[in-house]
>>> print(open('start_22.cif').read())   # mmCIF, C-alpha atoms
data_run
#
loop_
_atom_site.label_atom_id
_atom_site.label_comp_id
_atom_site.auth_asym_id
_atom_site.auth_seq_id
_atom_site.Cartn_x
_atom_site.Cartn_y
_atom_site.Cartn_z
CA ASP M 14 16.40 -23.05 33.36
CA GLN M 15 14.37 -24.76 36.07
CA GLN M 16 11.81 -22.15 37.13
CA VAL M 17 10.11 -24.46 39.64
CA LYS M 18 12.32 -26.59 41.84
CA GLN M 19 11.66 -29.38 44.27
CA ASN M 20 15.04 -29.90 45.84
CA SER M 21 14.19 -33.05 47.77
CA PRO M 22 13.79 -36.04 45.46
CA SER M 23 12.40 -38.15 48.28
CA LEU M 24 10.89 -37.97 51.75
CA SER M 25 10.08 -40.72 54.24
CA VAL M 26 7.61 -40.16 57.07
CA GLN M 27 5.98 -42.31 59.71
CA GLU M 28 2.24 -42.85 59.52
CA GLY M 29 0.34 -40.29 61.59
CA ARG M 30 3.11 -37.70 61.43
CA ILE M 31 3.27 -34.56 59.34
CA SER M 32 4.69 -34.63 55.80
CA ILE M 33 6.13 -31.36 54.52
CA LEU M 34 6.96 -31.09 50.85
CA ASN M 35 8.77 -28.01 49.63
CA CYS M 36 8.92 -26.13 46.36
CA ASP M 37 10.85 -23.05 45.27
CA TYR M 38 10.31 -20.89 42.22
CA THR M 39 12.34 -18.23 40.51
CA ASN M 40 9.82 -16.38 38.36
CA SER M 41 8.13 -13.65 40.41
CA MET M 42 5.45 -13.41 37.72
CA PHE M 43 3.94 -16.74 38.78
CA ASP M 44 0.64 -16.09 40.50
CA TYR M 45 -1.09 -19.46 40.73
CA PHE M 46 0.35 -22.58 42.29
CA LEU M 47 -0.87 -26.15 42.45
CA TRP M 48 0.09 -29.49 43.94
CA TYR M 49 -0.49 -32.78 42.18
CA LYS M 50 -0.06 -36.35 43.37
CA LYS M 51 0.95 -39.11 40.99
CA TYR M 52 0.80 -42.87 41.43
CA PRO M 53 2.71 -45.17 39.05
CA ALA M 54 0.92 -45.84 35.76
CA GLU M 55 -1.61 -43.06 36.44
CA GLY M 56 -1.82 -39.42 35.50
CA PRO M 57 -1.27 -36.67 38.08
CA THR M 58 -4.24 -35.99 40.34
CA PHE M 59 -4.99 -32.44 41.44
CA LEU M 60 -4.69 -31.96 45.22
CA ILE M 61 -4.84 -28.29 46.14
CA SER M 62 -4.04 -24.86 44.74
CA ILE M 63 -3.34 -21.36 45.94
CA SER M 64 -3.32 -17.99 44.23
CA SER M 65 -0.72 -15.39 45.03
CA ILE M 66 -3.22 -13.18 46.85
CA LYS M 67 -3.33 -15.77 49.65
CA ASP M 68 -0.66 -17.23 51.89
CA LYS M 69 -2.52 -20.35 53.00
CA ASN M 70 -5.15 -22.70 51.68
CA GLU M 71 -6.56 -25.74 53.45
CA ASP M 72 -8.46 -28.76 52.24
CA GLY M 73 -8.91 -31.52 54.76
CA ARG M 74 -5.54 -33.04 55.62
CA PHE M 75 -3.77 -30.91 53.01
CA THR M 76 -2.58 -27.34 53.54
CA VAL M 77 -0.51 -25.29 51.13
CA PHE M 78 1.52 -22.32 52.35
CA LEU M 79 2.88 -19.62 50.07
CA ASN M 80 5.71 -17.27 50.98
CA LYS M 81 5.95 -14.82 48.10
CA SER M 82 8.94 -12.91 49.42
CA ALA M 83 10.94 -16.14 49.63
CA LYS M 84 9.38 -17.53 46.43
CA HIS M 85 8.62 -20.69 48.35
CA LEU M 86 5.60 -22.89 48.81
CA SER M 87 5.05 -25.97 50.88
CA LEU M 88 2.47 -28.72 51.17
CA HIS M 89 1.65 -30.07 54.61
CA ILE M 90 -0.12 -33.40 54.98
CA VAL M 91 -1.46 -34.08 58.47
CA PRO M 92 -1.79 -36.83 59.49
CA SER M 93 0.13 -38.76 56.86
CA GLN M 94 -1.31 -42.09 55.74
CA PRO M 95 0.30 -44.99 53.85
CA GLY M 96 -2.04 -44.27 50.92
CA ASP M 97 -0.37 -40.87 50.58
CA SER M 98 2.77 -42.60 49.30
CA ALA M 99 3.21 -41.20 45.79
CA VAL M 100 5.17 -38.65 43.79
CA TYR M 101 4.14 -35.06 44.51
CA PHE M 102 4.58 -32.31 41.95
CA CYS M 103 4.26 -28.61 42.50
CA ALA M 104 3.33 -26.47 39.52
CA ALA M 105 2.97 -22.79 38.73
CA SER M 106 1.42 -20.59 36.09
CA ARG M 107 1.72 -16.97 35.10
CA PRO M 108 -0.92 -14.26 35.11
CA GLY M 109 -3.46 -14.28 32.36
CA GLY M 110 -6.28 -16.12 34.07
CA SER M 111 -7.82 -18.75 31.88
CA SER M 112 -5.41 -18.14 29.04
CA ASN M 113 -2.48 -19.42 31.09
CA THR M 114 -3.89 -21.97 33.51
CA GLY M 115 -3.47 -24.70 30.89
CA LYS M 116 0.23 -23.98 30.71
CA LEU M 117 1.82 -25.13 33.94
CA ILE M 118 5.49 -25.23 34.85
CA PHE M 119 6.17 -28.31 36.97
CA GLY M 120 8.83 -29.15 39.48
CA GLN M 121 10.73 -32.43 39.21
CA GLY M 122 8.67 -34.11 41.91
CA THR M 123 9.26 -35.49 45.38
CA THR M 124 8.60 -39.14 46.17
CA LEU M 125 6.83 -39.44 49.51
CA GLN M 126 6.89 -42.71 51.39
CA VAL M 127 4.65 -43.03 54.42
CA LYS M 128 5.64 -46.00 56.57
CA PRO M 129 2.98 -47.86 58.60
CA LYS F 11 -18.49 -37.64 35.18
CA ALA F 12 -15.98 -39.65 33.21
CA GLY F 13 -12.40 -38.46 33.50
CA VAL F 14 -9.93 -37.58 30.78
CA THR F 15 -9.49 -40.55 28.47
CA GLN F 16 -6.35 -41.16 26.46
CA THR F 17 -5.84 -43.79 23.81
CA PRO F 18 -3.90 -45.89 23.29
CA ARG F 19 -2.28 -46.59 26.67
CA TYR F 20 0.87 -48.02 25.12
CA LEU F 21 2.57 -47.62 21.76
CA ILE F 22 5.77 -48.95 20.30
CA LYS F 23 7.11 -47.28 17.16
CA THR F 24 10.38 -47.22 15.29
CA ARG F 25 12.52 -44.22 14.48
CA GLY F 26 11.31 -42.19 11.54
CA GLN F 27 7.68 -43.22 11.91
CA GLN F 28 4.90 -40.92 12.97
CA VAL F 29 2.33 -41.38 15.70
CA THR F 30 -1.05 -39.94 16.63
CA LEU F 31 -2.33 -39.89 20.21
CA SER F 32 -5.91 -39.21 21.16
CA CYS F 33 -7.52 -37.46 24.12
CA SER F 34 -11.14 -37.08 25.17
CA PRO F 35 -11.56 -34.37 27.81
CA ILE F 36 -14.01 -34.32 30.68
CA SER F 37 -17.46 -33.49 29.39
CA GLY F 38 -17.93 -29.74 29.25
CA HIS F 39 -14.23 -28.93 29.35
CA ARG F 40 -13.12 -26.88 26.37
CA SER F 41 -9.43 -26.49 27.20
CA VAL F 42 -7.09 -29.39 26.46
CA SER F 43 -3.36 -29.35 27.21
CA TRP F 44 -0.65 -31.84 26.38
CA TYR F 45 2.45 -32.62 28.44
CA GLN F 46 5.47 -34.85 27.99
CA GLN F 47 6.92 -36.64 30.99
CA THR F 48 10.42 -38.09 30.89
CA PRO F 49 12.69 -39.16 33.77
CA GLY F 50 15.28 -36.53 32.91
CA GLN F 51 13.08 -33.52 32.09
CA GLY F 52 10.03 -34.12 34.23
CA LEU F 53 6.65 -32.84 33.06
CA GLN F 54 6.96 -30.39 30.19
CA PHE F 55 4.21 -28.42 28.51
CA LEU F 56 3.69 -29.14 24.82
CA PHE F 57 0.65 -27.08 23.81
CA GLU F 58 -2.88 -26.10 24.77
CA TYR F 59 -6.01 -25.94 22.67
CA PHE F 60 -9.17 -24.04 23.36
CA SER F 61 -12.17 -23.90 21.04
CA GLU F 62 -10.20 -25.62 18.27
CA THR F 63 -7.41 -23.02 18.41
CA GLN F 64 -3.91 -23.41 19.78
CA ARG F 65 -3.77 -20.97 22.68
CA ASN F 66 -0.33 -21.74 24.11
CA LYS F 67 2.73 -23.53 22.89
CA GLY F 68 5.77 -24.92 24.67
CA ASN F 69 9.34 -25.22 23.48
CA PHE F 70 9.13 -28.33 21.35
CA PRO F 71 10.16 -28.74 17.71
CA GLY F 72 7.66 -28.52 14.90
CA ARG F 73 7.55 -32.33 14.68
CA PHE F 74 5.11 -32.10 17.57
CA SER F 75 1.71 -30.84 16.53
CA GLY F 76 -1.85 -31.08 17.68
CA ARG F 77 -5.38 -30.19 16.93
CA GLN F 78 -8.73 -29.96 18.62
CA PHE F 79 -12.09 -30.88 17.20
CA SER F 80 -15.44 -29.16 17.65
CA ASN F 81 -16.39 -31.66 20.37
CA SER F 82 -13.21 -30.65 22.29
CA ARG F 83 -11.51 -33.98 21.65
CA SER F 84 -7.86 -33.50 20.81
CA GLU F 85 -5.10 -35.33 19.01
CA MET F 86 -1.38 -34.83 19.04
CA ASN F 87 0.94 -35.99 16.32
CA VAL F 88 4.66 -36.59 16.38
CA SER F 89 6.34 -37.02 13.02
CA THR F 90 9.76 -38.45 12.22
CA LEU F 91 10.07 -40.08 15.61
CA GLU F 92 13.39 -39.99 17.44
CA LEU F 93 14.58 -42.23 20.27
CA GLY F 94 14.36 -39.22 22.61
CA ASP F 95 10.62 -38.98 22.00
CA SER F 96 10.10 -42.03 24.20
CA ALA F 97 8.03 -40.70 27.05
CA LEU F 98 4.70 -40.66 28.81
CA TYR F 99 2.39 -38.23 27.02
CA LEU F 100 -0.27 -36.75 29.24
CA CYS F 101 -3.40 -34.93 28.24
CA ALA F 102 -5.24 -32.65 30.63
CA SER F 103 -8.49 -30.72 30.43
CA SER F 104 -9.96 -27.87 32.40
CA ALA F 105 -13.26 -26.06 32.69
CA ASP F 106 -11.32 -22.92 31.79
CA ARG F 107 -12.73 -20.67 34.49
CA GLY F 108 -9.37 -19.29 35.52
CA TYR F 109 -8.00 -20.04 38.93
CA ASN F 110 -10.90 -22.22 39.98
CA SER F 111 -10.27 -24.58 37.09
CA PRO F 112 -7.26 -26.80 37.74
CA LEU F 113 -6.05 -29.21 35.10
CA HIS F 114 -7.35 -32.77 35.28
CA PHE F 115 -5.04 -35.33 33.74
CA GLY F 116 -5.63 -38.59 31.93
CA ASN F 117 -3.50 -41.67 32.59
CA GLY F 118 -1.31 -41.00 29.61
CA THR F 119 0.02 -42.81 26.57
CA ARG F 120 3.37 -44.52 27.04
CA LEU F 121 5.30 -44.15 23.78
CA THR F 122 8.41 -46.22 23.19
CA VAL F 123 10.54 -45.47 20.13
CA THR F 124 13.00 -48.17 19.09
#
>>> encode(input="start_22.cif", output="structure tokens")
Amino acid sequence: DQQVKQNSPSLSVQEGRISILNCDYTNSMFDYFLWYKKYPAEGPTFLISISSIKDKNEDGRFTVFLNKSAKHLSLHIVPSQPGDSAVYFCAASRPGGSSNTGKLIFGQGTTLQVKP
Amino acid sequence: KAGVTQTPRYLIKTRGQQVTLSCSPISGHRSVSWYQQTPGQGLQFLFEYFSETQRNKGNFPGRFSGRQFSNSRSEMNVSTLELGDSALYLCASSADRGYNSPLHFGNGTRLTVT
């Protein structure tokens, strides 16, 4: 039972354009969502997070949008750069504050390629 | 601050053997989680330790175990290795302050079982 789904295995974008990565979830109990970036031979790197009390969170070129009614979140990268080429994972956790933030449910990942 | 350190980076074992992986969290982080990454299953939660106690557990068989020491360093052990245990094992730590404390991952241990 895949509770967090990234339906697009890959995405290719031109440098300077917007990259939009999507993620859907099925468990309405999830209340904290994160995006991670992963390069080959490295561990995932935290990018940005959002709690369910918000619908948008921005950090530089990265913005995460949360649509709770649709159980959908997206990561926007503007402008996209070749160094952004990596695998992007969305993740979610359930309520419980600290006691659950170590237990994340991950999507399968989307490979982003940004072409110069 | 040094990041999460995992040792060794690579391991090759044969079926039936056991293996121990080590993780040193970021200084000051008391929560340590372990994840398994495989091409077919993605990143899956194994267990989490906080203050030397297992706080959460994923859906893995009892062959997978872990522990945490008083200095927050953690080890995970896999006994009676199976071919399907070949994976990247990732350790992550957090400052454990709820939603402002995302997980920070190490670079993983690549385990190959032959």
>>> resolve_selection(input="start_22.cif", expression="the PyMOL selection byres ((chain M and resi 72) around 10)", output="mmCIF file with C-alpha atoms, keeping the file's coordinate frame")
data_model
loop_
_atom_site.group_PDB
_atom_site.id
_atom_site.type_symbol
_atom_site.label_atom_id
_atom_site.label_comp_id
_atom_site.auth_asym_id
_atom_site.auth_seq_id
_atom_site.Cartn_x
_atom_site.Cartn_y
_atom_site.Cartn_z
ATOM 1 C CA LEU M 60 -4.690 -31.960 45.220
ATOM 2 C CA ILE M 61 -4.840 -28.290 46.140
ATOM 3 C CA SER M 62 -4.040 -24.860 44.740
ATOM 4 C CA ASN M 70 -5.150 -22.700 51.680
ATOM 5 C CA GLU M 71 -6.560 -25.740 53.450
ATOM 6 C CA GLY M 73 -8.910 -31.520 54.760
ATOM 7 C CA ARG M 74 -5.540 -33.040 55.620
ATOM 8 C CA PHE M 75 -3.770 -30.910 53.010
ATOM 9 C CA THR M 76 -2.580 -27.340 53.540
ATOM 10 C CA VAL M 77 -0.510 -25.290 51.130
ATOM 11 C CA ILE M 90 -0.120 -33.400 54.980
#
>>> resolve_selection(input="start_22.cif", expression="the PyMOL selection byres ((chain F and resi 30) around 6)", output="PyMOL selection string")
chain F and resi 29+31+86-87
>>> resolve_selection(input="start_22.cif", expression="the PyMOL selection byres ((chain F and resi 96) around 6)", output="ChimeraX atom specification")
/F:93-95,97,121-123
>>> residues_around(input="start_22.cif", residues="Gln54 in chain F", least_positions_apart="6", cutoff="9 Å", atoms="only C-alpha atoms", output="ChimeraX atom specification")
/M:117-119 /F:44-48,68-69
>>> residues_around(input="start_22.cif", residues="Ser41 in chain F", least_positions_apart="5", cutoff="8 Å", atoms="only C-alpha atoms", output="list in words")
Gly115 of chain M; Glu58, Tyr59, Phe60, Ser61, Ser82, Ser103, Ser104, Ala105 and Asp106 of chain F
>>> residues_around(input="start_22.cif", residues="Tyr38 in chain M", least_positions_apart="4", cutoff="7 Å", atoms="only C-alpha atoms", output="PyMOL selection string")
chain M and resi 16-18+84-85
>>> interface_residues(input="start_22.cif", of="chain F", to="chain M", cutoff="8 Å", atoms="only C-alpha atoms", output="list in words")
Ser41, Val42, Ser43, Gln51, Gly52, Leu53, Gln54, Phe55, Phe57, Glu58, Arg65, Asn66, Leu100, Ser103, Ser104, Asp106, Arg107, Gly108, Tyr109, Ser111, Pro112, Leu113, His114, Phe115, Gly116, Asn117 and Gly118 of chain F
>>> write_last_selection(input="start_22.cif", atoms="C-alpha atoms", output="PDB file, keeping the file's coordinate frame")
ATOM      1  CA  SER F  41      -9.430 -26.490  27.200  1.00  0.00           C
ATOM      2  CA  VAL F  42      -7.090 -29.390  26.460  1.00  0.00           C
ATOM      3  CA  SER F  43      -3.360 -29.350  27.210  1.00  0.00           C
ATOM      4  CA  GLN F  51      13.080 -33.520  32.090  1.00  0.00           C
ATOM      5  CA  GLY F  52      10.030 -34.120  34.230  1.00  0.00           C
ATOM      6  CA  LEU F  53       6.650 -32.840  33.060  1.00  0.00           C
ATOM      7  CA  GLN F  54       6.960 -30.390  30.190  1.00  0.00           C
ATOM      8  CA  PHE F  55       4.210 -28.420  28.510  1.00  0.00           C
ATOM      9  CA  PHE F  57       0.650 -27.080  23.810  1.00  0.00           C
ATOM     10  CA  GLU F  58      -2.880 -26.100  24.770  1.00  0.00           C
ATOM     11  CA  ARG F  65      -3.770 -20.970  22.680  1.00  0.00           C
ATOM     12  CA  ASN F  66      -0.330 -21.740  24.110  1.00  0.00           C
ATOM     13  CA  LEU F 100      -0.270 -36.750  29.240  1.00  0.00           C
ATOM     14  CA  SER F 103      -8.490 -30.720  30.430  1.00  0.00           C
ATOM     15  CA  SER F 104      -9.960 -27.870  32.400  1.00  0.00           C
ATOM     16  CA  ASP F 106     -11.320 -22.920  31.790  1.00  0.00           C
ATOM     17  CA  ARG F 107     -12.730 -20.670  34.490  1.00  0.00           C
ATOM     18  CA  GLY F 108      -9.370 -19.290  35.520  1.00  0.00           C
ATOM     19  CA  TYR F 109      -8.000 -20.040  38.930  1.00  0.00           C
ATOM     20  CA  SER F 111     -10.270 -24.580  37.090  1.00  0.00           C
ATOM     21  CA  PRO F 112      -7.260 -26.800  37.740  1.00  0.00           C
ATOM     22  CA  LEU F 113      -6.050 -29.210  35.100  1.00  0.00           C
ATOM     23  CA  HIS F 114      -7.350 -32.770  35.280  1.00  0.00           C
ATOM     24  CA  PHE F 115      -5.040 -35.330  33.740  1.00  0.00           C
ATOM     25  CA  GLY F 116      -5.630 -38.590  31.930  1.00  0.00           C
ATOM     26  CA  ASN F 117      -3.500 -41.670  32.590  1.00  0.00           C
ATOM     27  CA  GLY F 118      -1.310 -41.000  29.610  1.00  0.00           C
TER      28      GLY F 118
END
>>> atom_distance(input="start_22.cif", atom1="CA of Phe78 in chain M", atom2="CA of Ser41 in chain M")
16.2 Å
>>> residues_around(input="start_22.cif", residues="Gln28 in chain F", least_positions_apart="4", cutoff="8 Å", atoms="only C-alpha atoms", output="list in words")
Lys23, Asn87, Val88, Ser89, Thr90 and Leu91 of chain F
>>> atom_distance(input="start_22.cif", atom1="CA of Ser34 in chain F", atom2="CA of Arg77 in chain F")
12.2 Å
>>> atom_distance(input="start_22.cif", atom1="CA of Ala99 in chain M", atom2="CA of Leu86 in chain M")
18.7 Å
>>> residues_around(input="start_22.cif", residues="Gln27 in chain M", least_positions_apart="4", cutoff="12 Å", atoms="all atoms listed in the file", output="JSON list (two decimals) with C-alpha atoms, in the coordinates of the input")
[["chain", "number", "residue", "atom", "x", "y", "z"],
["M", 31, "ILE", "CA", 3.27, -34.56, 59.34],
["M", 32, "SER", "CA", 4.69, -34.63, 55.80],
["M", 90, "ILE", "CA", -0.12, -33.40, 54.98],
["M", 91, "VAL", "CA", -1.46, -34.08, 58.47],
["M", 92, "PRO", "CA", -1.79, -36.83, 59.49],
["M", 93, "SER", "CA", 0.13, -38.76, 56.86],
["M", 94, "GLN", "CA", -1.31, -42.09, 55.74],
["M", 95, "PRO", "CA", 0.30, -44.99, 53.85],
["M", 97, "ASP", "CA", -0.37, -40.87, 50.58],
["M", 98, "SER", "CA", 2.77, -42.60, 49.30],
["M", 125, "LEU", "CA", 6.83, -39.44, 49.51],
["M", 126, "GLN", "CA", 6.89, -42.71, 51.39],
["M", 127, "VAL", "CA", 4.65, -43.03, 54.42],
["M", 128, "LYS", "CA", 5.64, -46.00, 56.57],
["M", 129, "PRO", "CA", 2.98, -47.86, 58.60]]
